[in-house]
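File shown: target.cif. Contents: mmCIF, C-alpha atoms.
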```
data_my_file
loop_
_atom_site.label_atom_id
_atom_site.label_comp_id
_atom_site.auth_asym_id
_atom_site.auth_seq_id
_atom_site.Cartn_x
_atom_site.Cartn_y
_atom_site.Cartn_z
CA MET B 812 -135.24 -146.22 39.13
CA SER B 813 -138.81 -145.34 38.21
CA SER B 814 -139.77 -145.25 41.89
CA VAL B 815 -136.92 -142.85 42.58
CA ARG B 816 -138.05 -140.59 39.74
CA SER B 817 -141.63 -140.61 41.01
CA ARG B 818 -140.53 -139.58 44.47
CA ASN B 819 -138.46 -136.74 43.03
CA ASN B 820 -141.36 -135.59 40.90
CA ASP B 821 -143.65 -135.63 43.91
CA ARG B 822 -141.15 -133.52 45.81
CA VAL B 823 -140.99 -130.96 43.01
CA LYS B 824 -144.77 -130.74 42.83
CA MET B 825 -145.20 -129.97 46.50
CA SER B 826 -147.08 -126.75 47.29
CA PRO B 827 -145.25 -123.79 48.91
CA GLU B 828 -147.15 -124.42 52.12
CA GLU B 829 -146.04 -128.05 52.21
CA ASN B 830 -142.53 -127.08 51.31
CA SER B 831 -142.44 -124.59 54.20
CA HIS B 832 -143.42 -127.34 56.60
CA GLU B 833 -140.91 -129.68 54.99
CA ASN B 834 -137.99 -127.19 55.39
CA PRO B 835 -138.58 -124.88 58.35
CA ARG B 836 -134.83 -124.20 58.67
CA GLU B 837 -134.63 -122.97 55.08
CA GLN B 838 -137.68 -120.76 55.68
CA SER B 839 -136.14 -119.15 58.76
CA GLN B 840 -132.90 -118.51 56.91
CA GLY B 841 -134.79 -116.88 54.10
CA SER B 842 -136.60 -114.59 56.51
CA VAL B 843 -133.32 -113.53 58.08
CA PHE B 844 -131.99 -112.32 54.76
CA SER B 845 -135.19 -110.75 53.49
CA ASP B 846 -135.02 -107.30 51.89
CA ASP B 847 -136.89 -105.59 54.72
CA ASP B 848 -134.65 -107.01 57.40
CA GLY B 849 -131.60 -106.20 55.31
CA ASP B 850 -132.63 -102.56 55.13
CA ASP B 851 -133.30 -102.51 58.86
CA MET B 852 -129.92 -104.05 59.63
CA SER B 853 -128.14 -101.54 57.43
CA HIS B 854 -130.02 -98.71 59.14
CA ARG B 855 -128.97 -99.96 62.54
CA THR B 856 -125.38 -100.30 61.41
CA MET B 857 -125.28 -96.76 60.09
CA SER B 858 -126.77 -95.37 63.29
CA ARG B 859 -123.97 -96.77 65.46
CA ARG B 860 -121.30 -94.26 66.36
CA ALA B 861 -117.73 -95.39 66.67
CA SER B 862 -116.34 -93.32 69.50
CA SER B 863 -113.29 -93.00 71.69
CA ILE B 864 -112.63 -91.19 74.94
CA PHE B 865 -109.76 -89.36 73.23
CA SER B 866 -111.69 -88.53 70.07
CA PHE B 867 -111.91 -84.86 69.09
CA SER B 868 -114.21 -85.38 66.11
CA ALA B 869 -117.05 -87.49 67.52
CA ALA B 870 -120.52 -86.82 66.14
CA GLU B 871 -123.04 -84.89 68.16
CA LEU B 872 -125.40 -86.98 70.26
CA GLU B 873 -129.12 -86.93 69.66
CA PRO B 874 -131.12 -84.88 72.19
CA PRO B 875 -132.94 -86.67 75.05
CA ASN B 876 -136.31 -88.12 74.10
CA GLU B 877 -139.71 -87.75 75.74
CA THR B 878 -139.10 -90.78 77.95
CA ASP B 879 -136.09 -89.10 79.57
CA ILE B 880 -138.10 -85.93 80.16
CA GLU B 881 -140.94 -87.94 81.69
CA LYS B 882 -138.57 -89.67 84.11
CA PHE B 883 -137.31 -86.30 85.37
CA THR B 884 -140.66 -84.54 85.61
CA SER B 885 -143.05 -87.26 86.74
CA ASP B 886 -143.97 -87.64 90.41
CA GLN B 887 -144.21 -91.41 90.00
CA TYR B 888 -140.48 -91.92 90.35
CA HIS B 889 -138.69 -91.63 93.70
CA PHE B 890 -135.25 -89.99 93.64
CA SER B 891 -135.87 -89.39 89.95
CA MET B 892 -133.04 -86.89 89.53
CA ILE B 893 -130.37 -89.12 91.06
CA ARG B 894 -131.60 -92.23 89.27
CA ASN B 895 -131.61 -90.57 85.88
CA LEU B 896 -128.18 -88.97 86.04
CA HIS B 897 -125.75 -90.51 83.56
CA LEU B 898 -122.12 -91.39 84.14
CA ALA B 899 -121.06 -88.26 82.26
CA ASP B 900 -123.19 -86.16 84.66
CA PHE B 901 -121.32 -87.50 87.67
CA ILE B 902 -118.01 -86.70 85.98
CA THR B 903 -119.27 -83.14 85.38
CA MET B 904 -120.15 -82.88 89.08
CA LEU B 905 -116.58 -83.86 89.91
CA ASN B 906 -115.55 -80.85 87.84
CA GLY B 907 -117.77 -78.66 90.05
CA PHE B 908 -116.39 -80.30 93.18
CA SER B 909 -112.84 -79.55 92.03
CA GLY B 910 -113.72 -75.89 91.57
CA PHE B 911 -115.33 -75.65 94.99
CA TYR B 912 -112.39 -77.35 96.70
CA SER B 913 -110.09 -74.88 94.99
CA ILE B 914 -112.09 -72.02 96.54
CA VAL B 915 -111.90 -73.67 99.97
CA SER B 916 -108.12 -73.99 99.58
CA CYS B 917 -107.94 -70.26 98.85
CA LEU B 918 -109.83 -69.54 102.07
CA ARG B 919 -107.40 -71.71 104.00
CA PHE B 920 -104.47 -69.86 102.45
CA CYS B 921 -105.97 -66.52 103.49
CA SER B 922 -106.35 -67.70 107.08
CA THR B 923 -102.99 -69.48 107.43
CA ASN B 924 -100.64 -67.92 104.80
CA LYS B 925 -99.33 -71.41 104.05
CA PRO B 926 -98.45 -71.50 100.33
CA HIS B 927 -99.26 -75.18 99.86
CA TYR B 928 -102.96 -74.32 100.16
CA VAL B 929 -102.90 -71.98 97.18
CA GLN B 930 -100.85 -74.54 95.27
CA ARG B 931 -103.56 -77.05 96.05
CA ALA B 932 -106.10 -74.56 94.69
CA HIS B 933 -104.24 -74.49 91.38
CA PHE B 934 -104.07 -78.28 91.29
CA PHE B 935 -107.81 -78.73 91.74
CA ILE B 936 -108.60 -76.32 88.91
CA PHE B 937 -106.43 -78.37 86.56
CA LEU B 938 -108.11 -81.50 87.89
CA GLY B 939 -111.45 -79.93 87.03
CA MET B 940 -110.16 -79.39 83.50
CA CYS B 941 -109.55 -83.14 83.22
CA PHE B 942 -113.11 -83.91 84.31
CA ASP B 943 -114.43 -81.27 81.90
CA PHE B 944 -112.51 -82.94 79.08
CA PHE B 945 -113.71 -86.45 79.81
CA ASP B 946 -117.42 -85.93 80.53
CA GLY B 947 -118.31 -85.28 76.88
CA ARG B 948 -116.08 -88.11 75.69
CA VAL B 949 -117.71 -90.54 78.08
CA ALA B 950 -121.18 -89.47 76.90
CA ARG B 951 -120.20 -90.15 73.29
CA LEU B 952 -118.48 -93.40 74.17
CA ARG B 953 -121.67 -94.63 75.87
CA ASN B 954 -123.83 -93.10 73.12
CA ARG B 955 -126.02 -91.48 75.78
CA SER B 956 -127.04 -87.85 75.98
CA SER B 957 -128.20 -86.30 79.22
CA LEU B 958 -131.18 -84.04 79.79
CA MET B 959 -129.19 -81.91 82.26
CA GLY B 960 -125.74 -82.39 80.77
CA GLN B 961 -125.37 -79.00 79.09
CA GLU B 962 -126.66 -77.05 82.09
CA LEU B 963 -124.53 -79.04 84.54
CA ASP B 964 -121.46 -78.48 82.39
CA SER B 965 -122.03 -74.72 82.25
CA LEU B 966 -122.51 -74.39 86.00
CA ALA B 967 -119.48 -76.55 86.77
CA ASP B 968 -117.36 -74.52 84.34
CA LEU B 969 -118.46 -71.28 86.00
CA VAL B 970 -117.29 -72.56 89.39
CA SER B 971 -114.04 -74.17 88.23
CA PHE B 972 -112.93 -71.72 85.54
CA GLY B 973 -114.60 -68.52 86.71
CA VAL B 974 -115.09 -68.23 90.47
CA ALA B 975 -112.11 -70.38 91.47
CA PRO B 976 -109.47 -68.43 89.44
CA ALA B 977 -110.89 -65.15 90.74
CA SER B 978 -110.66 -66.52 94.29
CA ILE B 979 -107.01 -67.41 93.75
CA ALA B 980 -106.32 -63.92 92.43
CA PHE B 981 -107.90 -62.37 95.52
CA ALA B 982 -106.01 -64.73 97.83
CA ILE B 983 -102.58 -63.89 96.38
CA GLY B 984 -103.02 -60.15 96.72
CA PHE B 985 -105.51 -58.60 94.29
CA GLN B 986 -107.58 -57.25 97.17
CA THR B 987 -108.14 -53.55 96.59
CA THR B 988 -111.64 -52.29 95.78
CA LEU B 989 -110.84 -51.84 92.10
CA ASP B 990 -109.14 -55.24 91.99
CA VAL B 991 -112.28 -56.88 93.34
CA LEU B 992 -114.48 -55.01 90.87
CA VAL B 993 -112.33 -56.20 87.99
CA LEU B 994 -112.43 -59.78 89.28
CA SER B 995 -116.22 -59.50 89.60
CA PHE B 996 -116.40 -58.30 86.00
CA PHE B 997 -114.30 -61.30 84.97
CA VAL B 998 -116.67 -63.77 86.68
CA LEU B 999 -119.80 -62.08 85.30
CA CYS B 1000 -118.35 -62.20 81.78
CA GLY B 1001 -117.87 -65.94 82.21
CA LEU B 1002 -121.45 -66.26 83.43
CA ALA B 1003 -122.79 -64.30 80.44
CA ARG B 1004 -120.62 -66.24 78.02
CA LEU B 1005 -121.95 -69.60 79.23
CA ALA B 1006 -125.55 -68.37 79.13
CA ARG B 1007 -125.07 -67.14 75.55
CA PHE B 1008 -123.59 -70.48 74.56
CA ASN B 1009 -126.60 -72.40 75.89
CA VAL B 1010 -128.95 -70.13 73.93
CA THR B 1011 -127.07 -69.96 70.63
CA VAL B 1012 -125.36 -73.34 70.34
CA ALA B 1013 -128.17 -74.70 68.14
CA GLN B 1014 -127.82 -71.77 65.72
CA LEU B 1015 -124.04 -71.90 65.32
CA PRO B 1016 -122.78 -73.22 61.93
CA LYS B 1017 -122.09 -76.95 62.01
CA ASP B 1018 -119.64 -79.13 60.12
CA SER B 1019 -120.53 -82.39 58.37
CA GLY B 1020 -120.41 -84.24 61.69
CA GLY B 1021 -122.89 -81.91 63.37
CA LYS B 1022 -120.24 -80.20 65.49
CA SER B 1023 -120.04 -76.41 65.85
CA LYS B 1024 -117.31 -74.99 63.64
CA TYR B 1025 -116.04 -72.41 66.11
CA PHE B 1026 -116.30 -70.88 69.59
CA GLU B 1027 -117.88 -67.46 69.96
CA GLY B 1028 -115.51 -65.65 72.25
CA LEU B 1029 -112.87 -67.26 74.45
CA PRO B 1030 -114.09 -70.58 75.93
CA MET B 1031 -114.23 -70.74 79.72
CA PRO B 1032 -111.38 -73.28 80.07
CA THR B 1033 -108.98 -70.73 78.55
CA THR B 1034 -108.85 -69.13 82.01
CA LEU B 1035 -106.41 -71.93 82.79
CA ALA B 1036 -103.77 -69.68 81.20
CA LEU B 1037 -104.40 -67.19 84.02
CA VAL B 1038 -104.29 -70.01 86.57
CA LEU B 1039 -100.92 -71.15 85.20
CA TRP B 1040 -99.63 -67.58 85.31
CA MET B 1041 -100.70 -67.21 88.95
CA ALA B 1042 -99.11 -70.56 89.79
CA ILE B 1043 -95.81 -69.20 88.45
CA LEU B 1044 -96.21 -66.08 90.61
CA VAL B 1045 -96.77 -68.25 93.68
CA ARG B 1046 -93.79 -70.41 92.79
CA LYS B 1047 -91.53 -67.37 92.57
CA GLY B 1048 -92.99 -65.71 95.64
CA LEU B 1049 -94.36 -62.75 93.67
CA ILE B 1050 -97.56 -62.42 95.66
CA ILE B 1051 -99.16 -60.22 98.34
CA GLU B 1052 -96.75 -57.25 98.56
CA ASP B 1053 -94.51 -58.41 95.70
CA ILE B 1054 -97.01 -58.61 92.85
CA PRO B 1055 -95.34 -57.48 89.57
CA PHE B 1056 -95.79 -53.77 88.67
CA GLY B 1057 -96.78 -53.02 92.26
CA VAL B 1058 -99.77 -50.86 93.21
CA CYS B 1059 -100.98 -47.62 91.68
CA ARG B 1060 -102.22 -44.90 94.06
CA LYS B 1061 -101.26 -46.95 97.10
CA GLY B 1062 -103.14 -45.84 100.17
CA LEU B 1063 -105.29 -43.47 98.11
CA PHE B 1064 -108.71 -43.57 96.51
CA LEU B 1065 -108.94 -45.99 93.53
CA GLU B 1066 -105.91 -48.00 94.61
CA VAL B 1067 -105.33 -50.80 92.08
CA HIS B 1068 -102.79 -53.35 90.85
CA PRO B 1069 -102.22 -52.53 87.15
CA ILE B 1070 -101.62 -56.18 86.25
CA VAL B 1071 -105.20 -57.06 87.21
CA ALA B 1072 -106.03 -55.70 83.75
CA VAL B 1073 -105.31 -59.18 82.34
CA PHE B 1074 -108.53 -60.38 84.00
CA PHE B 1075 -110.43 -57.46 82.47
CA LEU B 1076 -109.10 -58.24 79.00
CA HIS B 1077 -109.83 -61.94 79.34
CA GLY B 1078 -113.39 -61.18 80.44
CA CYS B 1079 -113.87 -59.00 77.36
CA GLY B 1080 -112.57 -61.84 75.21
CA MET B 1081 -115.09 -64.27 76.64
CA ILE B 1082 -118.10 -62.11 75.80
CA SER B 1083 -116.79 -61.01 72.40
CA LYS B 1084 -119.13 -61.72 69.48
CA SER B 1085 -116.62 -61.02 66.74
CA LEU B 1086 -113.91 -63.27 68.17
CA LYS B 1087 -114.42 -66.70 66.57
CA ILE B 1088 -112.00 -69.48 67.50
CA PRO B 1089 -112.07 -72.62 65.26
CA LYS B 1090 -112.69 -75.85 67.10
CA PRO B 1091 -110.04 -78.59 66.87
#
```
Rewritten as structure tokens:
Amino acid sequence: MSSVRSRNNDRVKMSPEENSHENPREQSQGSVFSDDDGDDMSHRTMSRRASSIFSFSAAELEPPNETDIEKFTSDQYHFSMIRNLHLADFITMLNGFSGFYSIVSCLRFCSTNKPHYVQRAHFFIFLGMCFDFFDGRVARLRNRSSLMGQELDSLADLVSFGVAPASIAFAIGFQTTLDVLVLSFFVLCGLARLARFNVTVAQLPKDSGGKSKYFEGLPMPTTLALVLWMAILVRKGLIIEDIPFGVCRKGLFLEVHPIVAVFFLHGCGMISKSLKIPKP
């Protein structure tokens, strides 16, 4: 019994250095749960963003860092632009492709008068809307922001929700000089609206999640209402010579379709400063 006690006493009297060599497993466990590491782990946990493709309230992503900028601007990387595009960027490009294919379908309708081409033009604009919806969700789901994402999104939106709807309008009969001027105004308003958004998005009031509280003016995708309206006209055959409300001053100077005014009003809504639409 005395020998057992002496061994226990010797064990108690061991120095911290000897004890660390005696119990390396206990030392490693203690280091894992140290205060510093605990703070670091909690910081990492808080920085993770739970996200979903169908989420409407995801937090804003952090801007690209200097490493991302270096990869795009340095001459040391071959095919640097392609290699540094994110998955969300490719989805945004599919939005632009959809808009361009819609324009091509309008050209085919003008040359053949086959209605399925203009119906295809409507379909590709709505397909572009799907890509426009998912690119931001994919970026948040992957927790990756893109250096070119905002600019790509604006350019793709201009093609799909600005130029393509105006092309459909021209193809189905809004072809007088005044009609074309109004359609040009509509597209330029979309261009100006997107440019203003890129400049002022950082200054817009944000909610607790870092998301802008409202849209300034009508967002570009709202032109889908005009696309849907034109799809109904095509479906009912109210195009070319049968456009509702006919033509004013037909065959005279300043000939115009009165209903083209909806494009003028929508363009004014896009560039409006006082019109503030709450975000969902």
d(CA of Gly1062 in chain B, CA of Tyr928 in chain B) in Å
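Separation between CA of Gly1062 in chain B and CA of Tyr928 in chain B: 28.5 Å.
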Take the PyMOL selection byres ((chain B and resi 1008) around 10), apply it to the structure above, and return the hits as a PDB file with C-alpha atoms, in the coordinates of the input.
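Saved as expr.pdb:
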```pdb
ATOM      1  CA  GLN B 961    -125.370 -79.000  79.090  1.00  0.00           C
ATOM      2  CA  SER B 965    -122.030 -74.720  82.250  1.00  0.00           C
ATOM      3  CA  ALA B1003    -122.790 -64.300  80.440  1.00  0.00           C
ATOM      4  CA  ARG B1004    -120.620 -66.240  78.020  1.00  0.00           C
ATOM      5  CA  LEU B1005    -121.950 -69.600  79.230  1.00  0.00           C
ATOM      6  CA  ALA B1006    -125.550 -68.370  79.130  1.00  0.00           C
ATOM      7  CA  ARG B1007    -125.070 -67.140  75.550  1.00  0.00           C
ATOM      8  CA  ASN B1009    -126.600 -72.400  75.890  1.00  0.00           C
ATOM      9  CA  VAL B1010    -128.950 -70.130  73.930  1.00  0.00           C
ATOM     10  CA  THR B1011    -127.070 -69.960  70.630  1.00  0.00           C
ATOM     11  CA  VAL B1012    -125.360 -73.340  70.340  1.00  0.00           C
ATOM     12  CA  ALA B1013    -128.170 -74.700  68.140  1.00  0.00           C
ATOM     13  CA  GLN B1014    -127.820 -71.770  65.720  1.00  0.00           C
ATOM     14  CA  LEU B1015    -124.040 -71.900  65.320  1.00  0.00           C
ATOM     15  CA  PHE B1026    -116.300 -70.880  69.590  1.00  0.00           C
ATOM     16  CA  GLU B1027    -117.880 -67.460  69.960  1.00  0.00           C
ATOM     17  CA  GLY B1028    -115.510 -65.650  72.250  1.00  0.00           C
ATOM     18  CA  PRO B1030    -114.090 -70.580  75.930  1.00  0.00           C
TER      19      PRO B1030
END
```
Between CA of Leu1086 in chain B and CA of Leu1029 in chain B, what is the distance in Å, rounded to a tenth?
7.5 Å
Given the PyMOL selection byres ((chain B and resi 975) around 12) and the file above, list the residues it selects as a PyMOL selection string.
chain B and resi 906-918+929+931-937+939+967-974+976-982+994-995+997-998+1001+1031-1032+1034-1035+1037-1038
So which one's closest to Val1045 in chain B, B:Cys921, B:Cys1059, B:Leu1002, B:Ile983? Using all atoms listed in the file, please.
B:Ile983
Using all atoms listed in the file, find the one residue out of B:Leu958, B:Cys941, B:Leu992, B:Ala899 that sits nearest to Val1071 in chain B.
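Closest candidate: B:Leu992.
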Could you work out how far CA of Ser1023 in chain B lies from CA of Pro1091 in chain B, giving the answer in Å with one decimal?
10.3 Å
Explicit residue set for the PyMOL selection byres ((chain B and resi 1046) around 12), as a list in words
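Output of the PyMOL selection byres ((chain B and resi 1046) around 12): Pro926, His927, Val929, Gln930, His933, Ile983, Leu1039, Trp1040, Met1041, Ala1042, Ile1043, Leu1044, Val1045, Lys1047, Gly1048, Leu1049 and Ile1050 of chain B.
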Could you save those same residues with C-alpha atoms as a short mmCIF file (atom, residue, chain, number, x, y, z; two decimals), in the coordinates of the input?
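As a result, again-v7.cif now contains:
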```cif
data_model
loop_
_atom_site.label_atom_id
_atom_site.label_comp_id
_atom_site.auth_asym_id
_atom_site.auth_seq_id
_atom_site.Cartn_x
_atom_site.Cartn_y
_atom_site.Cartn_z
CA PRO B 926 -98.45 -71.50 100.33
CA HIS B 927 -99.26 -75.18 99.86
CA VAL B 929 -102.90 -71.98 97.18
CA GLN B 930 -100.85 -74.54 95.27
CA HIS B 933 -104.24 -74.49 91.38
CA ILE B 983 -102.58 -63.89 96.38
CA LEU B 1039 -100.92 -71.15 85.20
CA TRP B 1040 -99.63 -67.58 85.31
CA MET B 1041 -100.70 -67.21 88.95
CA ALA B 1042 -99.11 -70.56 89.79
CA ILE B 1043 -95.81 -69.20 88.45
CA LEU B 1044 -96.21 -66.08 90.61
CA VAL B 1045 -96.77 -68.25 93.68
CA LYS B 1047 -91.53 -67.37 92.57
CA GLY B 1048 -92.99 -65.71 95.64
CA LEU B 1049 -94.36 -62.75 93.67
CA ILE B 1050 -97.56 -62.42 95.66
#
```
Of the listed residues B:Ala950, B:Leu966, B:Leu938, B:Val1073, that which approaches Phe985 in chain B most closely, counting all atoms listed in the file:
B:Val1073
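Residue nearest Met940 in chain B, chosen from B:Ala1036, B:Leu898, B:Ile1088, B:Ile1070 and counting all atoms listed in the file: B:Ala1036.
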